[in-house]
Structures are given as C-alpha cells and as structure tokens.
>>> print(open('protein_26.txt').read())   # compact mmCIF, N, CA and C atoms
# COMPACT_ATOMS: atom_id res chain seq x y z
N MET A 366 117.12 128.52 128.03
CA MET A 366 116.42 128.42 126.76
C MET A 366 116.62 127.04 126.14
N ASN A 367 117.88 126.54 126.21
CA ASN A 367 118.15 125.22 125.64
C ASN A 367 117.32 124.14 126.32
N ARG A 368 117.22 124.24 127.64
CA ARG A 368 116.44 123.24 128.39
C ARG A 368 114.99 123.22 127.90
N PHE A 369 114.42 124.41 127.72
CA PHE A 369 113.04 124.51 127.22
C PHE A 369 112.92 123.88 125.83
N LEU A 370 113.89 124.20 124.95
CA LEU A 370 113.83 123.64 123.59
C LEU A 370 113.95 122.13 123.59
N PHE A 371 114.85 121.59 124.42
CA PHE A 371 114.99 120.14 124.48
C PHE A 371 113.74 119.48 125.07
N MET A 372 113.14 120.13 126.06
CA MET A 372 111.90 119.58 126.65
C MET A 372 110.77 119.61 125.62
N ALA A 373 110.65 120.71 124.89
CA ALA A 373 109.61 120.82 123.86
C ALA A 373 109.84 119.80 122.76
N ALA A 374 111.09 119.65 122.33
CA ALA A 374 111.40 118.67 121.29
C ALA A 374 111.11 117.26 121.77
N ASP A 375 111.42 117.00 123.03
CA ASP A 375 111.16 115.67 123.58
C ASP A 375 109.66 115.39 123.63
N PHE A 376 108.87 116.39 124.06
CA PHE A 376 107.42 116.21 124.12
C PHE A 376 106.83 116.03 122.72
N LEU A 377 107.24 116.88 121.79
CA LEU A 377 106.65 116.84 120.45
C LEU A 377 107.12 115.63 119.64
N SER A 378 108.20 115.00 120.04
CA SER A 378 108.68 113.83 119.30
C SER A 378 108.07 112.53 119.80
N ARG A 379 107.21 112.61 120.79
CA ARG A 379 106.54 111.42 121.33
C ARG A 379 105.06 111.45 120.91
N PRO A 380 104.37 110.32 121.04
CA PRO A 380 102.96 110.26 120.60
C PRO A 380 102.05 111.35 121.16
N PRO A 381 102.08 111.69 122.46
CA PRO A 381 101.18 112.77 122.91
C PRO A 381 101.44 114.10 122.20
N GLY A 382 102.69 114.43 121.99
CA GLY A 382 103.01 115.66 121.28
C GLY A 382 102.54 115.63 119.84
N PHE A 383 102.67 114.46 119.22
CA PHE A 383 102.18 114.30 117.85
C PHE A 383 100.67 114.52 117.81
N TYR A 384 99.97 113.96 118.78
CA TYR A 384 98.51 114.12 118.79
C TYR A 384 98.12 115.58 119.03
N VAL A 385 98.86 116.29 119.87
CA VAL A 385 98.57 117.71 120.10
C VAL A 385 98.72 118.47 118.79
N MET A 386 99.80 118.22 118.06
CA MET A 386 100.02 118.90 116.77
C MET A 386 98.94 118.51 115.76
N LEU A 387 98.55 117.25 115.76
CA LEU A 387 97.51 116.78 114.84
C LEU A 387 96.18 117.46 115.14
N ILE A 388 95.81 117.55 116.42
CA ILE A 388 94.56 118.21 116.81
C ILE A 388 94.61 119.70 116.44
N ALA A 389 95.76 120.33 116.66
CA ALA A 389 95.90 121.74 116.31
C ALA A 389 95.72 121.94 114.81
N MET A 390 96.27 121.05 114.00
CA MET A 390 96.11 121.17 112.55
C MET A 390 94.66 120.95 112.12
N VAL A 391 93.98 120.01 112.75
CA VAL A 391 92.57 119.78 112.42
C VAL A 391 91.73 120.99 112.81
N LEU A 392 92.00 121.57 113.98
CA LEU A 392 91.27 122.76 114.40
C LEU A 392 91.51 123.93 113.45
N CYS A 393 92.75 124.09 113.02
CA CYS A 393 93.06 125.17 112.06
C CYS A 393 92.32 124.95 110.75
N THR A 394 92.29 123.72 110.29
CA THR A 394 91.59 123.40 109.04
C THR A 394 90.09 123.65 109.19
N ALA A 395 89.55 123.39 110.37
CA ALA A 395 88.12 123.60 110.60
C ALA A 395 87.77 125.10 110.58
N LEU A 396 88.73 125.97 110.78
CA LEU A 396 88.49 127.41 110.77
C LEU A 396 88.45 128.01 109.37
N VAL A 397 88.88 127.28 108.37
CA VAL A 397 88.92 127.81 107.00
C VAL A 397 87.54 128.26 106.51
N PRO A 398 86.47 127.48 106.71
CA PRO A 398 85.16 127.93 106.21
C PRO A 398 84.67 129.24 106.83
N PHE A 399 85.24 129.63 107.95
CA PHE A 399 84.82 130.86 108.61
C PHE A 399 85.61 132.08 108.15
N GLY A 400 86.35 131.93 107.06
CA GLY A 400 87.09 133.04 106.48
C GLY A 400 88.42 133.33 107.16
N LEU A 401 88.94 132.39 107.89
CA LEU A 401 90.20 132.59 108.60
C LEU A 401 91.36 131.91 107.88
N THR A 402 91.35 131.98 106.57
CA THR A 402 92.38 131.31 105.76
C THR A 402 93.77 131.82 106.10
N ASN A 403 93.92 133.13 106.26
CA ASN A 403 95.24 133.69 106.59
C ASN A 403 95.74 133.18 107.94
N ALA A 404 94.87 133.13 108.92
CA ALA A 404 95.26 132.64 110.25
C ALA A 404 95.64 131.17 110.19
N VAL A 405 94.88 130.40 109.42
CA VAL A 405 95.17 128.97 109.29
C VAL A 405 96.51 128.76 108.59
N THR A 406 96.73 129.52 107.53
CA THR A 406 98.00 129.42 106.81
C THR A 406 99.16 129.77 107.73
N TYR A 407 98.99 130.82 108.50
CA TYR A 407 100.03 131.24 109.45
C TYR A 407 100.27 130.15 110.48
N ALA A 408 99.22 129.62 111.07
CA ALA A 408 99.36 128.60 112.12
C ALA A 408 100.02 127.34 111.58
N LEU A 409 99.63 126.91 110.39
CA LEU A 409 100.23 125.71 109.83
C LEU A 409 101.69 125.94 109.43
N SER A 410 102.01 127.14 109.00
CA SER A 410 103.41 127.47 108.70
C SER A 410 104.26 127.43 109.97
N VAL A 411 103.74 127.99 111.04
CA VAL A 411 104.46 127.96 112.31
C VAL A 411 104.62 126.52 112.79
N ALA A 412 103.57 125.71 112.65
CA ALA A 412 103.66 124.30 113.05
C ALA A 412 104.73 123.57 112.24
N ALA A 413 104.82 123.86 110.94
CA ALA A 413 105.84 123.23 110.11
C ALA A 413 107.23 123.63 110.57
N ILE A 414 107.41 124.89 110.92
CA ILE A 414 108.72 125.36 111.40
C ILE A 414 109.06 124.70 112.73
N VAL A 415 108.08 124.59 113.61
CA VAL A 415 108.30 123.95 114.91
C VAL A 415 108.69 122.48 114.72
N ILE A 416 107.98 121.79 113.86
CA ILE A 416 108.29 120.38 113.62
C ILE A 416 109.68 120.22 113.02
N THR A 417 110.07 121.11 112.14
CA THR A 417 111.42 121.08 111.57
C THR A 417 112.45 121.27 112.68
N GLY A 418 112.21 122.20 113.57
CA GLY A 418 113.12 122.41 114.70
C GLY A 418 113.22 121.18 115.59
N VAL A 419 112.09 120.53 115.83
CA VAL A 419 112.08 119.31 116.64
C VAL A 419 112.95 118.23 116.01
N VAL A 420 112.80 118.07 114.71
CA VAL A 420 113.59 117.06 114.00
C VAL A 420 115.08 117.37 114.12
N LEU A 421 115.45 118.64 113.94
CA LEU A 421 116.86 119.03 114.04
C LEU A 421 117.41 118.82 115.45
N ILE A 422 116.64 119.20 116.46
CA ILE A 422 117.09 119.04 117.84
C ILE A 422 117.23 117.57 118.19
N GLN A 423 116.25 116.76 117.82
CA GLN A 423 116.33 115.33 118.11
C GLN A 423 117.51 114.70 117.38
N GLY A 424 117.76 115.12 116.15
CA GLY A 424 118.91 114.61 115.40
C GLY A 424 120.21 114.99 116.08
N TYR A 425 120.29 116.21 116.59
CA TYR A 425 121.48 116.67 117.31
C TYR A 425 121.70 115.81 118.56
N ARG A 426 120.63 115.57 119.30
CA ARG A 426 120.75 114.78 120.53
C ARG A 426 121.17 113.36 120.22
N ASP A 427 120.56 112.75 119.21
CA ASP A 427 120.91 111.38 118.84
C ASP A 427 122.36 111.29 118.40
N THR A 428 122.79 112.22 117.57
CA THR A 428 124.16 112.22 117.07
C THR A 428 125.15 112.41 118.22
N ALA A 429 124.86 113.32 119.12
CA ALA A 429 125.75 113.55 120.26
C ALA A 429 125.85 112.31 121.14
N ALA A 430 124.73 111.63 121.36
CA ALA A 430 124.73 110.42 122.18
C ALA A 430 125.53 109.31 121.49
N ILE A 431 125.36 109.16 120.19
CA ILE A 431 126.11 108.13 119.45
C ILE A 431 127.60 108.42 119.51
N HIS A 432 128.00 109.69 119.34
CA HIS A 432 129.41 110.04 119.41
C HIS A 432 129.98 109.73 120.80
N ALA A 433 129.22 110.03 121.84
CA ALA A 433 129.70 109.76 123.20
C ALA A 433 129.89 108.25 123.41
N LYS A 434 128.95 107.46 122.92
CA LYS A 434 129.06 106.00 123.07
C LYS A 434 130.23 105.45 122.27
N LEU A 435 130.40 105.92 121.05
CA LEU A 435 131.52 105.46 120.23
C LEU A 435 132.85 105.87 120.85
N ASP A 436 132.93 107.10 121.37
CA ASP A 436 134.16 107.55 122.02
C ASP A 436 134.48 106.66 123.22
N GLU A 437 133.47 106.28 123.96
CA GLU A 437 133.69 105.41 125.12
C GLU A 437 134.22 104.04 124.68
N ILE A 438 133.68 103.51 123.61
CA ILE A 438 134.15 102.22 123.08
C ILE A 438 135.60 102.35 122.62
N ILE A 439 135.91 103.41 121.89
CA ILE A 439 137.27 103.61 121.38
C ILE A 439 138.26 103.75 122.53
N VAL A 440 137.90 104.52 123.55
CA VAL A 440 138.80 104.71 124.69
C VAL A 440 139.02 103.39 125.42
N SER A 441 138.00 102.54 125.50
CA SER A 441 138.14 101.28 126.20
C SER A 441 139.00 100.27 125.44
N LEU A 442 139.22 100.49 124.15
CA LEU A 442 140.05 99.57 123.37
C LEU A 442 141.54 99.74 123.66
N ASP A 443 141.94 100.87 124.17
CA ASP A 443 143.34 101.17 124.49
C ASP A 443 144.28 101.06 123.31
N GLU A 444 143.80 101.15 122.10
CA GLU A 444 144.67 101.04 120.93
C GLU A 444 144.74 102.36 120.17
N THR A 445 143.62 102.78 119.61
CA THR A 445 143.62 103.97 118.77
C THR A 445 142.70 105.01 119.38
N ARG A 446 143.31 105.95 120.07
CA ARG A 446 142.52 107.01 120.68
C ARG A 446 142.54 108.28 119.87
N ASP A 447 143.28 108.30 118.76
CA ASP A 447 143.40 109.53 118.00
C ASP A 447 142.16 109.84 117.17
N VAL A 448 141.16 108.96 117.18
CA VAL A 448 139.92 109.25 116.46
C VAL A 448 138.84 109.83 117.37
N VAL A 449 139.09 109.83 118.66
CA VAL A 449 138.13 110.41 119.60
C VAL A 449 138.06 111.91 119.33
N GLY A 450 136.86 112.41 119.11
CA GLY A 450 136.66 113.84 118.84
C GLY A 450 136.89 114.22 117.39
N LEU A 451 137.05 113.23 116.52
CA LEU A 451 137.29 113.50 115.11
C LEU A 451 136.13 114.25 114.46
N GLU A 452 134.93 114.14 115.04
CA GLU A 452 133.78 114.84 114.46
C GLU A 452 133.91 116.35 114.53
N HIS A 453 134.87 116.84 115.33
CA HIS A 453 135.09 118.28 115.45
C HIS A 453 136.19 118.77 114.51
N ALA A 454 136.83 117.87 113.78
CA ALA A 454 137.95 118.22 112.91
C ALA A 454 137.45 118.81 111.58
N GLU A 455 138.39 119.35 110.83
CA GLU A 455 138.09 119.88 109.50
C GLU A 455 137.83 118.71 108.54
N PRO A 456 137.01 118.93 107.50
CA PRO A 456 136.70 117.85 106.56
C PRO A 456 137.93 117.18 105.94
N GLU A 457 138.94 117.96 105.62
CA GLU A 457 140.15 117.38 105.02
C GLU A 457 140.85 116.45 106.01
N GLU A 458 140.91 116.86 107.26
CA GLU A 458 141.54 116.03 108.29
C GLU A 458 140.75 114.74 108.49
N ILE A 459 139.44 114.82 108.43
CA ILE A 459 138.59 113.63 108.56
C ILE A 459 138.85 112.69 107.39
N ARG A 460 138.92 113.24 106.16
CA ARG A 460 139.19 112.40 104.98
C ARG A 460 140.53 111.69 105.10
N GLU A 461 141.56 112.42 105.53
CA GLU A 461 142.88 111.82 105.68
C GLU A 461 142.86 110.69 106.71
N LYS A 462 142.22 110.93 107.84
CA LYS A 462 142.14 109.91 108.89
C LYS A 462 141.34 108.71 108.41
N LEU A 463 140.27 108.96 107.66
CA LEU A 463 139.45 107.88 107.14
C LEU A 463 140.25 107.01 106.17
N MET A 464 141.02 107.65 105.29
CA MET A 464 141.84 106.89 104.35
C MET A 464 142.87 106.04 105.11
N LYS A 465 143.48 106.62 106.14
CA LYS A 465 144.46 105.90 106.94
C LYS A 465 143.82 104.69 107.63
N LEU A 466 142.64 104.89 108.21
CA LEU A 466 141.93 103.81 108.89
C LEU A 466 141.50 102.71 107.92
N GLU A 467 141.04 103.11 106.72
CA GLU A 467 140.64 102.11 105.73
C GLU A 467 141.83 101.28 105.26
N GLU A 468 142.99 101.92 105.07
CA GLU A 468 144.19 101.18 104.68
C GLU A 468 144.60 100.21 105.78
N GLU A 469 144.55 100.66 107.01
CA GLU A 469 144.89 99.81 108.15
C GLU A 469 143.92 98.64 108.27
N ALA A 470 142.63 98.91 108.06
CA ALA A 470 141.62 97.84 108.13
C ALA A 470 141.84 96.83 107.01
N ALA A 471 142.18 97.30 105.81
CA ALA A 471 142.41 96.38 104.69
C ALA A 471 143.61 95.49 104.99
N ARG A 472 144.66 96.05 105.56
CA ARG A 472 145.83 95.23 105.92
C ARG A 472 145.45 94.21 106.98
N THR A 473 144.70 94.62 107.98
CA THR A 473 144.31 93.73 109.07
C THR A 473 143.42 92.60 108.56
N VAL A 474 142.43 92.95 107.74
CA VAL A 474 141.52 91.95 107.20
C VAL A 474 142.27 91.00 106.27
N GLY A 475 143.16 91.55 105.45
CA GLY A 475 143.93 90.72 104.53
C GLY A 475 144.79 89.71 105.27
N SER A 476 145.48 90.15 106.32
CA SER A 476 146.32 89.22 107.08
C SER A 476 145.47 88.21 107.84
N ALA A 477 144.33 88.62 108.34
CA ALA A 477 143.44 87.68 109.03
C ALA A 477 142.92 86.62 108.07
N ARG A 478 142.59 87.01 106.85
CA ARG A 478 142.12 86.05 105.85
C ARG A 478 143.22 85.05 105.50
N ARG A 479 144.46 85.56 105.34
CA ARG A 479 145.58 84.67 105.03
C ARG A 479 145.79 83.67 106.15
N GLU A 480 145.77 84.15 107.39
CA GLU A 480 145.95 83.26 108.54
C GLU A 480 144.84 82.22 108.60
N LEU A 481 143.62 82.63 108.34
CA LEU A 481 142.49 81.70 108.36
C LEU A 481 142.62 80.66 107.26
N SER A 482 143.01 81.08 106.06
CA SER A 482 143.13 80.12 104.96
C SER A 482 144.28 79.16 105.20
N GLU A 483 145.36 79.63 105.83
CA GLU A 483 146.47 78.72 106.16
C GLU A 483 146.05 77.73 107.23
N ALA A 484 145.27 78.19 108.20
CA ALA A 484 144.85 77.32 109.29
C ALA A 484 143.85 76.27 108.81
N THR A 485 142.99 76.63 107.87
CA THR A 485 141.97 75.69 107.40
C THR A 485 142.38 74.95 106.15
N GLY A 486 143.44 75.44 105.52
CA GLY A 486 143.89 74.78 104.28
C GLY A 486 143.08 75.20 103.07
N GLU A 487 142.25 76.19 103.18
CA GLU A 487 141.43 76.67 102.05
C GLU A 487 142.18 77.73 101.28
N ARG A 488 141.83 77.86 100.02
CA ARG A 488 142.43 78.89 99.18
C ARG A 488 141.61 80.17 99.25
N LEU A 489 142.26 81.29 99.08
CA LEU A 489 141.57 82.58 99.10
C LEU A 489 140.76 82.80 97.86
>>> encode(input="protein_26.txt", output="structure tokens")
Amino acid sequence: MNRFLFMAADFLSRPPGFYVMLIAMVLCTALVPFGLTNAVTYALSVAAIVITGVVLIQGYRDTAAIHAKLDEIIVSLDETRDVVGLEHAEPEEIREKLMKLEEEAARTVGSARRELSEATGERL
C-alpha cells in the first residue's frame, strides 16, 4: 500500500499529474449545468483530499531524505554523533540538546572571533 501511495504522490506532484487533476476539475465543473452539482462537489472534495495527502507524503519524503543526509554529514565529522536521530526524541530532550548546541556554538564563534581579531589586530 505504501508503495502505491508513494507512486501516486510522485505522479501527482509532477506536471503530468497536475495536468490530470486540472483536466478532472475542468470536466467536473463542466458537469454542473447538467444538474450534477452534488457529484461535482463530491469529486472536487475528493480531489482536495488527495492533493492534501500528496503534499503530506511528499513532505514526509523530503524531510526523511534531509534527515538522512544531515545524519551522514554529522557521522562523517567524527565529533558529535549524539545528535544523530534527535528527530525521534521527545520535545523536551530536543530543546535541551538545542540549548547545549547553541551554547557550544556561541563559545566556538566567540573564541574564533577573538583569535581573528588578535591575528589581524582589529578590535571586536
């Protein structure tokens, strides 16, 4: 089932899929004068739900791919591997780790600025 959903989302998120949905909406709208308002409303509601699902699935795929790439970068740094998989942690744990990382980054940036100003003779 997942394979079918991902294939459908992939098709509908590209130009041909968009055109299919656009043609379907135009055809539904063309049926209104023939007294098929309920059918048109139903079809357009289903299309809206399908499009919403496509957006959610594509967002899931993009987010998963970004996490995999970031995890690969973090692992290759050989320094801080404790953030790999942090997206699966509880919100409080994420906040704590974020605060720790921001403090560490501020210390690193501050010392780098001091070293740079000493090397160039410029004031901070």
>>> residues_around(input="protein_26.txt", residues="range 390-392 of chain A", least_positions_apart="6", cutoff="10 Å", atoms="only C-alpha atoms", output="ChimeraX atom specification")
/A:384,405,408-409,412
>>> closest_residue(input="protein_26.txt", among="A:Glu468, A:Glu480, A:Asp375, A:Glu487", to="Gly418 in chain A", atoms="only C-alpha atoms")
A:Asp375
>>> closest_residue(input="protein_26.txt", among="A:Cys393, A:Leu377, A:His453, A:Thr406", to="Val420 in chain A", atoms="only N, CA and C atoms")
A:Leu377
>>> atom_distance(input="protein_26.txt", atom1="CA of Ala429 in chain A", atom2="atom N of Gly450 in chain A")
11.2 Å
>>> atom_distance(input="protein_26.txt", atom1="atom N of Val448 in chain A", atom2="atom C of Leu463 in chain A")
11.2 Å
